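*Asks:* The structure follows.
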Protein chains: 2
Amino acid sequence: MELEQLKHFLKVAEFSNFTRAAEAIGLSQPALSRSISRLEQELGMPLFERQTRNIALTDSGKILLGRARQILSMVDDAKAEINDDGQTGRIRVAAIPTIAPYFLPVQLKKFHQRFPKAKVIVHEDTTENLLRKLSDGVVDVAIAAFPIDAKYLHTERLFDEELLLVMSADHPLASKKSIQVKDIESLPFVLLGEAHCLSDSVVSFCKQKSFHPVSVERTSQLAMVQELVGLNHGVSLVPQMARDLDANETRIYRSLEGTKPIRTVVMVTNPYRYQSLLQRNFHELMRHSLPKNVSSLANAT
Amino acid sequence: MELEQLKHFLKVAEFSNFTRAAEAIGLSQPALSRSISRLEQELGMPLFERQTRNIALTDSGKILLGRARQILSMVDDAKAEINDDGQTGRIRVAAIPTIAPYFLPVQLKKFHQRFPKAKVIVHEDTTENLLRKLSDGVVDVAIAAFPIDAKYLHTERLFDEELLLVMSADHPLASKKSIQVKDIESLPFVLLGEAHCLSDSVVSFCKQKSFHPVSVERTSQLAMVQELVGLNHGVSLVPQMARDLDANETRIYRSLEGTKPIRTVVMVTNPYRYQSLLQRNFHELMRHSLPKNVSSLANAT
DNA sequence: TACTAGTGATGCATTGCATGCATGGCAAGA
DNA sequence: TCTTGCCATGCATGCAATGCATCACTAGTA
């Protein structure tokens, strides 16, 4: 068994098609066909069921799929570990959309000052996709919010962040000195789409308080939520870090009285992969970097 | 990087000598030299420091040493997993000398009846060596006694076993109805060599009872201990399973009154390697198999 | 039913690359 | 200075993986 063959196998499994996998690898279809053939012969088991129009992994193939990924990851890790000088290299950071634009830029700036030779690649995706990418080794570290449901991944709490009530400047509540949860129970809400975990945080806070937010709009970006709130489509709860970047005077932000809604920002890593010195330095930076204005709640239990 | 190269690398590291490694692999020295060369070129780092008369691993080489072993183990595991029918295959069992001859034969007989196609290989060695073999993937499962000091290995208690006082049939204590610890405090002991963990168990029991056994003999086998005891060189504490196989009338065995000395027999496995169905079946057999006459103490807390 | 398109397998000639042999270069020890 | 024990390098060789052309199969389609 050779590593080349495992790479070939993974490509074929990915495309479920020899011809296209061969193109992707840069090999002729017969060559690829034979490469897989040799692998199957060595293992004594077929890896694919060949039907006329499509192929499918056999049970053996499914087993090898996981193993091959692990083996090739380990080879990559070994290479990375050997060439690790702690300065150069690449780090792939993933973050959810409600964190990425507000939190990452300032952190990455610091990181770049400290490690100017390092290359940073940012992925922005939903929690679910981001965890998958982490498991698959497509990214090295992910910044997301609780709850995180992932076996085989390591989750580390970074800080708690308050969710602030946001409303239009001319909203009736704007003049109120102190705003309670009950004041917002029946108000229309502008929320993010259901794929965003921030919606979950907001909804679960409301449920704790025994009401369900009436959502009038579902948008895909936090900036859009803010715009719609500014246009008086409703109110919303947004992370403090999003407020800090809102220069517009048409929206005002208030901290709720009583138990405040929060989200817990976490860093997720894949402990089964080699953590380069650069990565460990990045983790360390994350641990000691709080966004502006969250210090009061930071690391609260 | 190819798996062949990693195998070559491991052999060179093992022998610290290209010429002899080449012989062991069945390759000419120049071919091996170039194989390593290619690997070094691909990694961008030298793996060996070549002095005139000997070579040594560089830092990079040391890193790769561990990784290469992991990678090749994983490849072996993948092959094993794919061809795993739960019936055929090989299982390599290691046990300490004070367990192996008394416990394994009957267990292996049962195992062979249940899995006649499986091949069993037995290693007998001291705890330390046996754990190293387990870590290196030279054996699949080890049977030993507490305490086990090993990171990255999984230890599972099988049963507790009493250590019986053994003495010559004409020993003054032989006629005594009940024997206390204090009765044996000042007696000369026949003990196993210091590499054997059974000695540790005996000595630590004695220390608990605030005395140190006076050892008159150090032998290498339990059968030899029994013989010397029979010849009245001293008394000893031996596992119950060793008594069950002692057909000789010249020695008598007694259970001590009060807190009895015991050893805890455990099964150790390497969780980082693939556990074949056959192995898991073996583990299961071990879990449910007690040696004769230890049932009363079995699995006691 | 015949035709077409899309798929993987196979026959055959080619070539790239790892190999073995011979030898070089180096340094430690006699 | 010679010998010995190393690893590296030049060169020719042979094998094995490759590419090209083609086959075999079958699901749609006319």
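How things are named: the first chain in the structure tokens is A, the next is B, and so on; residues count from 1 in each chain; ligands count from 1 in the order shown.
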Please find the residues of chain B near chain C - the criterion being any atom within 7 Å, counting only C-alpha atoms (C1' of nucleotides) - and write them as number ranges by chain.
*Replies:* B: 28, 31, 52
*Asks:* Would you kindly report the residues of chain B within 10 Å of chain D, using only C-alpha atoms (C1' of nucleotides), as a list in words?
*Replies:*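 Taken together, these residues fit the definition: Asn17, Phe18, Thr19, Gln29, Pro30, Ser33, Arg34, Ser37, Arg50, Gln51, Thr52, Arg53, Asn54 and Ile55 of chain B.
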*Asks:* Within 10 Å of chain A, which residues of chain B come that close, and what is the closest atom pair and distance in Å for each? Count only C-alpha atoms and give it as a Markdown table.
*Replies:*
```
| residue | atom | partner | partner_atom | distance |
| --- | --- | --- | --- | --- |
| B:Met1 | CA | A:Leu3 | CA | 7.5 |
| B:Glu2 | CA | A:Leu3 | CA | 5.8 |
| B:Leu3 | CA | A:Glu2 | CA | 5.8 |
| B:Glu4 | CA | A:Glu2 | CA | 7.7 |
| B:Glu42 | CA | A:Lys79 | CA | 9.0 |
| B:Leu43 | CA | A:Lys79 | CA | 6.3 |
| B:Gly44 | CA | A:Asn83 | CA | 7.5 |
| B:Met45 | CA | A:Asn83 | CA | 7.5 |
| B:Leu47 | CA | A:Ile82 | CA | 9.7 |
| B:Asp59 | CA | A:Ile82 | CA | 8.4 |
| B:Ser60 | CA | A:Ile82 | CA | 5.3 |
| B:Gly61 | CA | A:Ile82 | CA | 8.3 |
| B:Lys62 | CA | A:Ile82 | CA | 9.3 |
| B:Ile63 | CA | A:Ile82 | CA | 6.6 |
| B:Leu64 | CA | A:Ala78 | CA | 6.5 |
| B:Leu65 | CA | A:Ala78 | CA | 9.7 |
| B:Gly66 | CA | A:Ala78 | CA | 9.2 |
| B:Arg67 | CA | A:Ala78 | CA | 6.1 |
| B:Ala68 | CA | A:Ala78 | CA | 8.1 |
| B:Gln70 | CA | A:Met74 | CA | 8.2 |
| B:Ile71 | CA | A:Ile71 | CA | 6.0 |
| B:Leu72 | CA | A:Ile71 | CA | 8.6 |
| B:Ser73 | CA | A:Ile71 | CA | 9.6 |
| B:Met74 | CA | A:Ile71 | CA | 6.6 |
| B:Val75 | CA | A:Ile71 | CA | 7.1 |
| B:Asp76 | CA | A:Met1 | CA | 9.8 |
| B:Asp77 | CA | A:Arg67 | CA | 8.6 |
| B:Ala78 | CA | A:Arg67 | CA | 6.1 |
| B:Lys79 | CA | A:Leu43 | CA | 6.4 |
| B:Ala80 | CA | A:Leu43 | CA | 9.0 |
| B:Glu81 | CA | A:Ile63 | CA | 7.5 |
| B:Ile82 | CA | A:Ser60 | CA | 5.4 |
| B:Asn83 | CA | A:Leu43 | CA | 7.3 |
| B:Asp84 | CA | A:Ser60 | CA | 9.7 |
```
*Asks:* Those same residues, written as a CSV table (one decimal), in the first residue's frame with N, CA and C atoms?
*Replies:*
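Listed below is the output, again22.csv:
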```csv
chain,number,residue,atom,x,y,z
B,1,MET,N,6.3,11.7,-0.1
B,1,MET,CA,6.7,10.7,0.9
B,1,MET,C,5.9,9.4,0.7
B,2,GLU,N,6.7,8.3,0.7
B,2,GLU,CA,6.0,7.0,0.5
B,2,GLU,C,6.2,6.1,1.7
B,3,LEU,N,5.3,5.2,1.9
B,3,LEU,CA,5.4,4.3,3.1
B,3,LEU,C,6.7,3.5,3.1
B,4,GLU,N,7.2,3.1,1.9
B,4,GLU,CA,8.4,2.4,1.8
B,4,GLU,C,9.6,3.2,2.4
B,42,GLU,N,12.6,15.9,0.4
B,42,GLU,CA,11.2,16.2,0.4
B,42,GLU,C,10.8,17.0,1.7
B,43,LEU,N,11.4,16.6,2.8
B,43,LEU,CA,11.0,17.2,4.1
B,43,LEU,C,11.8,18.5,4.2
B,44,GLY,N,12.9,18.7,3.5
B,44,GLY,CA,13.6,19.9,3.6
B,44,GLY,C,14.5,19.9,4.8
B,45,MET,N,14.7,18.8,5.4
B,45,MET,CA,15.5,18.7,6.6
B,45,MET,C,16.3,17.4,6.6
B,47,LEU,N,17.7,14.1,8.2
B,47,LEU,CA,17.1,13.2,9.3
B,47,LEU,C,18.2,12.6,10.1
B,59,ASP,N,17.2,16.3,15.2
B,59,ASP,CA,15.9,16.6,15.9
B,59,ASP,C,14.7,16.3,15.0
B,60,SER,N,14.9,16.7,13.7
B,60,SER,CA,13.8,16.3,12.7
B,60,SER,C,13.6,14.8,12.7
B,61,GLY,N,14.7,14.1,12.7
B,61,GLY,CA,14.7,12.7,12.6
B,61,GLY,C,13.9,12.1,13.8
B,62,LYS,N,14.2,12.7,15.0
B,62,LYS,CA,13.5,12.2,16.2
B,62,LYS,C,12.0,12.4,16.1
B,63,ILE,N,11.6,13.5,15.6
B,63,ILE,CA,10.2,13.8,15.4
B,63,ILE,C,9.6,12.8,14.4
B,64,LEU,N,10.3,12.6,13.3
B,64,LEU,CA,9.8,11.6,12.3
B,64,LEU,C,9.7,10.2,12.9
B,65,LEU,N,10.6,9.9,13.7
B,65,LEU,CA,10.7,8.5,14.3
B,65,LEU,C,9.3,8.1,14.9
B,66,GLY,N,8.8,9.0,15.7
B,66,GLY,CA,7.6,8.7,16.4
B,66,GLY,C,6.4,8.7,15.4
B,67,ARG,N,6.4,9.7,14.5
B,67,ARG,CA,5.3,9.8,13.5
B,67,ARG,C,5.3,8.6,12.6
B,68,ALA,N,6.5,8.2,12.1
B,68,ALA,CA,6.6,7.1,11.2
B,68,ALA,C,6.0,5.9,11.8
B,70,GLN,N,3.7,5.7,14.1
B,70,GLN,CA,2.3,5.9,14.2
B,70,GLN,C,1.6,5.6,12.8
B,71,ILE,N,2.2,6.2,11.8
B,71,ILE,CA,1.6,6.1,10.5
B,71,ILE,C,1.6,4.6,10.0
B,72,LEU,N,2.7,3.9,10.2
B,72,LEU,CA,2.8,2.6,9.7
B,72,LEU,C,1.9,1.7,10.6
B,73,SER,N,1.8,2.0,11.8
B,73,SER,CA,0.8,1.2,12.7
B,73,SER,C,-0.6,1.4,12.1
B,74,MET,N,-0.9,2.6,11.8
B,74,MET,CA,-2.2,2.9,11.3
B,74,MET,C,-2.5,2.2,10.0
B,75,VAL,N,-1.5,2.1,9.2
B,75,VAL,CA,-1.7,1.3,7.9
B,75,VAL,C,-1.9,-0.1,8.2
B,76,ASP,N,-1.1,-0.7,9.1
B,76,ASP,CA,-1.4,-2.1,9.5
B,76,ASP,C,-2.8,-2.3,10.0
B,77,ASP,N,-3.2,-1.4,10.9
B,77,ASP,CA,-4.5,-1.5,11.5
B,77,ASP,C,-5.6,-1.4,10.4
B,78,ALA,N,-5.4,-0.5,9.5
B,78,ALA,CA,-6.4,-0.4,8.4
B,78,ALA,C,-6.5,-1.7,7.7
B,79,LYS,N,-5.4,-2.3,7.3
B,79,LYS,CA,-5.4,-3.6,6.6
B,79,LYS,C,-6.1,-4.6,7.5
B,80,ALA,N,-5.8,-4.7,8.8
B,80,ALA,CA,-6.3,-5.6,9.7
B,80,ALA,C,-7.8,-5.4,9.8
B,81,GLU,N,-8.2,-4.2,9.9
B,81,GLU,CA,-9.7,-3.9,10.1
B,81,GLU,C,-10.5,-4.3,8.9
B,82,ILE,N,-9.9,-4.1,7.7
B,82,ILE,CA,-10.6,-4.4,6.5
B,82,ILE,C,-10.8,-5.9,6.3
B,83,ASN,N,-9.7,-6.7,6.7
B,83,ASN,CA,-9.8,-8.1,6.5
B,83,ASN,C,-10.3,-8.8,7.8
B,84,ASP,N,-10.9,-8.1,8.7
B,84,ASP,CA,-11.3,-8.6,9.9
B,84,ASP,C,-12.6,-9.4,9.8
```
*Asks:* Running DSSP on the backbone, which parts of range 118-281 of chain B land in strand (DSSP E or B), as a PyMOL selection string?
*Replies:* chain B and resi 118-124+141-145+154-168+188-192+214-219+235-239+251-254+262-269
*Asks:* I need the residues in range 54-277 of chain A that are helix (DSSP H, G or I) according to DSSP; give them as a ChimeraX atom specification.
*Replies:* /A:59-82,100-114,127-135,172-175,181-184,197-208,222-230,240-244,277
*Asks:* Only C-alpha atoms, please: the residues just picked out, written as a PDB file, in the first residue's frame.
*Replies:*
```
ATOM      1  CA  ASP A  59     -18.094  -1.824   3.547  1.00  0.00           C
ATOM      2  CA  SER A  60     -14.353  -2.256   3.244  1.00  0.00           C
ATOM      3  CA  GLY A  61     -14.231   0.980   1.321  1.00  0.00           C
ATOM      4  CA  LYS A  62     -16.052   2.803   4.069  1.00  0.00           C
ATOM      5  CA  ILE A  63     -13.589   1.521   6.628  1.00  0.00           C
ATOM      6  CA  LEU A  64     -10.646   2.551   4.488  1.00  0.00           C
ATOM      7  CA  LEU A  65     -12.157   5.971   3.867  1.00  0.00           C
ATOM      8  CA  GLY A  66     -11.795   6.955   7.505  1.00  0.00           C
ATOM      9  CA  ARG A  67      -8.427   5.309   7.886  1.00  0.00           C
ATOM     10  CA  ALA A  68      -6.986   6.820   4.732  1.00  0.00           C
ATOM     11  CA  ARG A  69      -7.946  10.295   5.879  1.00  0.00           C
ATOM     12  CA  GLN A  70      -6.326   9.696   9.233  1.00  0.00           C
ATOM     13  CA  ILE A  71      -3.161   8.333   7.690  1.00  0.00           C
ATOM     14  CA  LEU A  72      -2.772  11.163   5.214  1.00  0.00           C
ATOM     15  CA  SER A  73      -3.517  13.729   7.910  1.00  0.00           C
ATOM     16  CA  MET A  74      -0.814  12.204  10.017  1.00  0.00           C
ATOM     17  CA  VAL A  75       1.632  12.415   7.148  1.00  0.00           C
ATOM     18  CA  ASP A  76       0.787  16.067   6.645  1.00  0.00           C
ATOM     19  CA  ASP A  77       1.160  16.665  10.348  1.00  0.00           C
ATOM     20  CA  ALA A  78       4.535  14.964  10.395  1.00  0.00           C
ATOM     21  CA  LYS A  79       5.746  17.172   7.572  1.00  0.00           C
ATOM     22  CA  ALA A  80       4.390  20.252   9.284  1.00  0.00           C
ATOM     23  CA  GLU A  81       5.917  19.283  12.605  1.00  0.00           C
ATOM     24  CA  ILE A  82       9.340  18.769  11.095  1.00  0.00           C
ATOM     25  CA  ALA A 100     -15.927  36.915  12.353  1.00  0.00           C
ATOM     26  CA  PRO A 101     -16.168  40.563  11.259  1.00  0.00           C
ATOM     27  CA  TYR A 102     -16.364  41.995  14.780  1.00  0.00           C
ATOM     28  CA  PHE A 103     -13.754  39.980  16.577  1.00  0.00           C
ATOM     29  CA  LEU A 104     -11.266  38.501  14.139  1.00  0.00           C
ATOM     30  CA  PRO A 105      -9.845  41.611  12.428  1.00  0.00           C
ATOM     31  CA  VAL A 106      -8.371  43.105  15.572  1.00  0.00           C
ATOM     32  CA  GLN A 107      -7.065  39.716  16.725  1.00  0.00           C
ATOM     33  CA  LEU A 108      -5.538  38.935  13.369  1.00  0.00           C
ATOM     34  CA  LYS A 109      -3.877  42.322  13.310  1.00  0.00           C
ATOM     35  CA  LYS A 110      -2.182  41.584  16.618  1.00  0.00           C
ATOM     36  CA  PHE A 111      -1.245  38.149  15.363  1.00  0.00           C
ATOM     37  CA  HIS A 112       0.264  39.557  12.218  1.00  0.00           C
ATOM     38  CA  GLN A 113       2.331  42.050  14.171  1.00  0.00           C
ATOM     39  CA  ARG A 114       3.718  39.261  16.301  1.00  0.00           C
ATOM     40  CA  THR A 127     -21.239  26.268  13.439  1.00  0.00           C
ATOM     41  CA  GLU A 128     -22.174  22.952  11.926  1.00  0.00           C
ATOM     42  CA  ASN A 129     -20.063  23.369   8.787  1.00  0.00           C
ATOM     43  CA  LEU A 130     -17.225  24.840  10.706  1.00  0.00           C
ATOM     44  CA  LEU A 131     -17.026  21.844  13.035  1.00  0.00           C
ATOM     45  CA  ARG A 132     -17.063  19.524  10.070  1.00  0.00           C
ATOM     46  CA  LYS A 133     -14.230  21.441   8.484  1.00  0.00           C
ATOM     47  CA  LEU A 134     -12.328  21.182  11.736  1.00  0.00           C
ATOM     48  CA  SER A 135     -12.837  17.437  11.895  1.00  0.00           C
ATOM     49  CA  PRO A 172     -41.059  54.118  22.333  1.00  0.00           C
ATOM     50  CA  LEU A 173     -38.717  52.201  24.669  1.00  0.00           C
ATOM     51  CA  ALA A 174     -35.767  54.406  23.763  1.00  0.00           C
ATOM     52  CA  SER A 175     -36.673  57.023  26.305  1.00  0.00           C
ATOM     53  CA  VAL A 181     -37.425  41.620  29.901  1.00  0.00           C
ATOM     54  CA  LYS A 182     -41.182  42.012  30.195  1.00  0.00           C
ATOM     55  CA  ASP A 183     -40.984  45.269  28.242  1.00  0.00           C
ATOM     56  CA  ILE A 184     -39.823  43.444  25.128  1.00  0.00           C
ATOM     57  CA  CYS A 197     -26.564  29.953  16.306  1.00  0.00           C
ATOM     58  CA  LEU A 198     -27.114  33.495  17.536  1.00  0.00           C
ATOM     59  CA  SER A 199     -30.798  32.997  16.823  1.00  0.00           C
ATOM     60  CA  ASP A 200     -30.690  29.944  19.039  1.00  0.00           C
ATOM     61  CA  SER A 201     -29.065  31.940  21.813  1.00  0.00           C
ATOM     62  CA  VAL A 202     -31.717  34.640  21.570  1.00  0.00           C
ATOM     63  CA  VAL A 203     -34.608  32.206  21.367  1.00  0.00           C
ATOM     64  CA  SER A 204     -33.311  30.131  24.253  1.00  0.00           C
ATOM     65  CA  PHE A 205     -32.937  33.247  26.401  1.00  0.00           C
ATOM     66  CA  CYS A 206     -36.510  34.246  25.613  1.00  0.00           C
ATOM     67  CA  LYS A 207     -37.739  30.753  26.438  1.00  0.00           C
ATOM     68  CA  GLN A 208     -35.998  30.959  29.790  1.00  0.00           C
ATOM     69  CA  LEU A 222     -26.088  40.840  11.526  1.00  0.00           C
ATOM     70  CA  ALA A 223     -25.519  44.151   9.731  1.00  0.00           C
ATOM     71  CA  MET A 224     -28.831  43.598   8.003  1.00  0.00           C
ATOM     72  CA  VAL A 225     -30.515  43.002  11.351  1.00  0.00           C
ATOM     73  CA  GLN A 226     -29.143  46.313  12.518  1.00  0.00           C
ATOM     74  CA  GLU A 227     -30.354  48.113   9.390  1.00  0.00           C
ATOM     75  CA  LEU A 228     -33.850  46.686   9.715  1.00  0.00           C
ATOM     76  CA  VAL A 229     -33.971  47.601  13.374  1.00  0.00           C
ATOM     77  CA  GLY A 230     -32.924  51.127  12.395  1.00  0.00           C
ATOM     78  CA  GLN A 240     -21.928  43.644  22.230  1.00  0.00           C
ATOM     79  CA  MET A 241     -19.117  43.334  19.688  1.00  0.00           C
ATOM     80  CA  ALA A 242     -21.597  44.166  16.939  1.00  0.00           C
ATOM     81  CA  ARG A 243     -22.601  47.306  18.733  1.00  0.00           C
ATOM     82  CA  ASP A 244     -19.044  48.503  18.988  1.00  0.00           C
ATOM     83  CA  LEU A 277       3.897  26.180  17.335  1.00  0.00           C
TER      84      LEU A 277
END
```
*Asks:* What is the distance between CA of Met267 in chain B and CA of Pro239 in chain B, in Å to one decimal?
*Replies:* 16.9 Å
*Asks:* Find, counting only C-alpha atoms, the residue in B:Gly193, B:Gly258, B:Pro147, B:Gly86 that gets nearest to Arg218 in chain B.
*Replies:*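 Closest to Arg218 in chain B of all the choices is B:Gly193.
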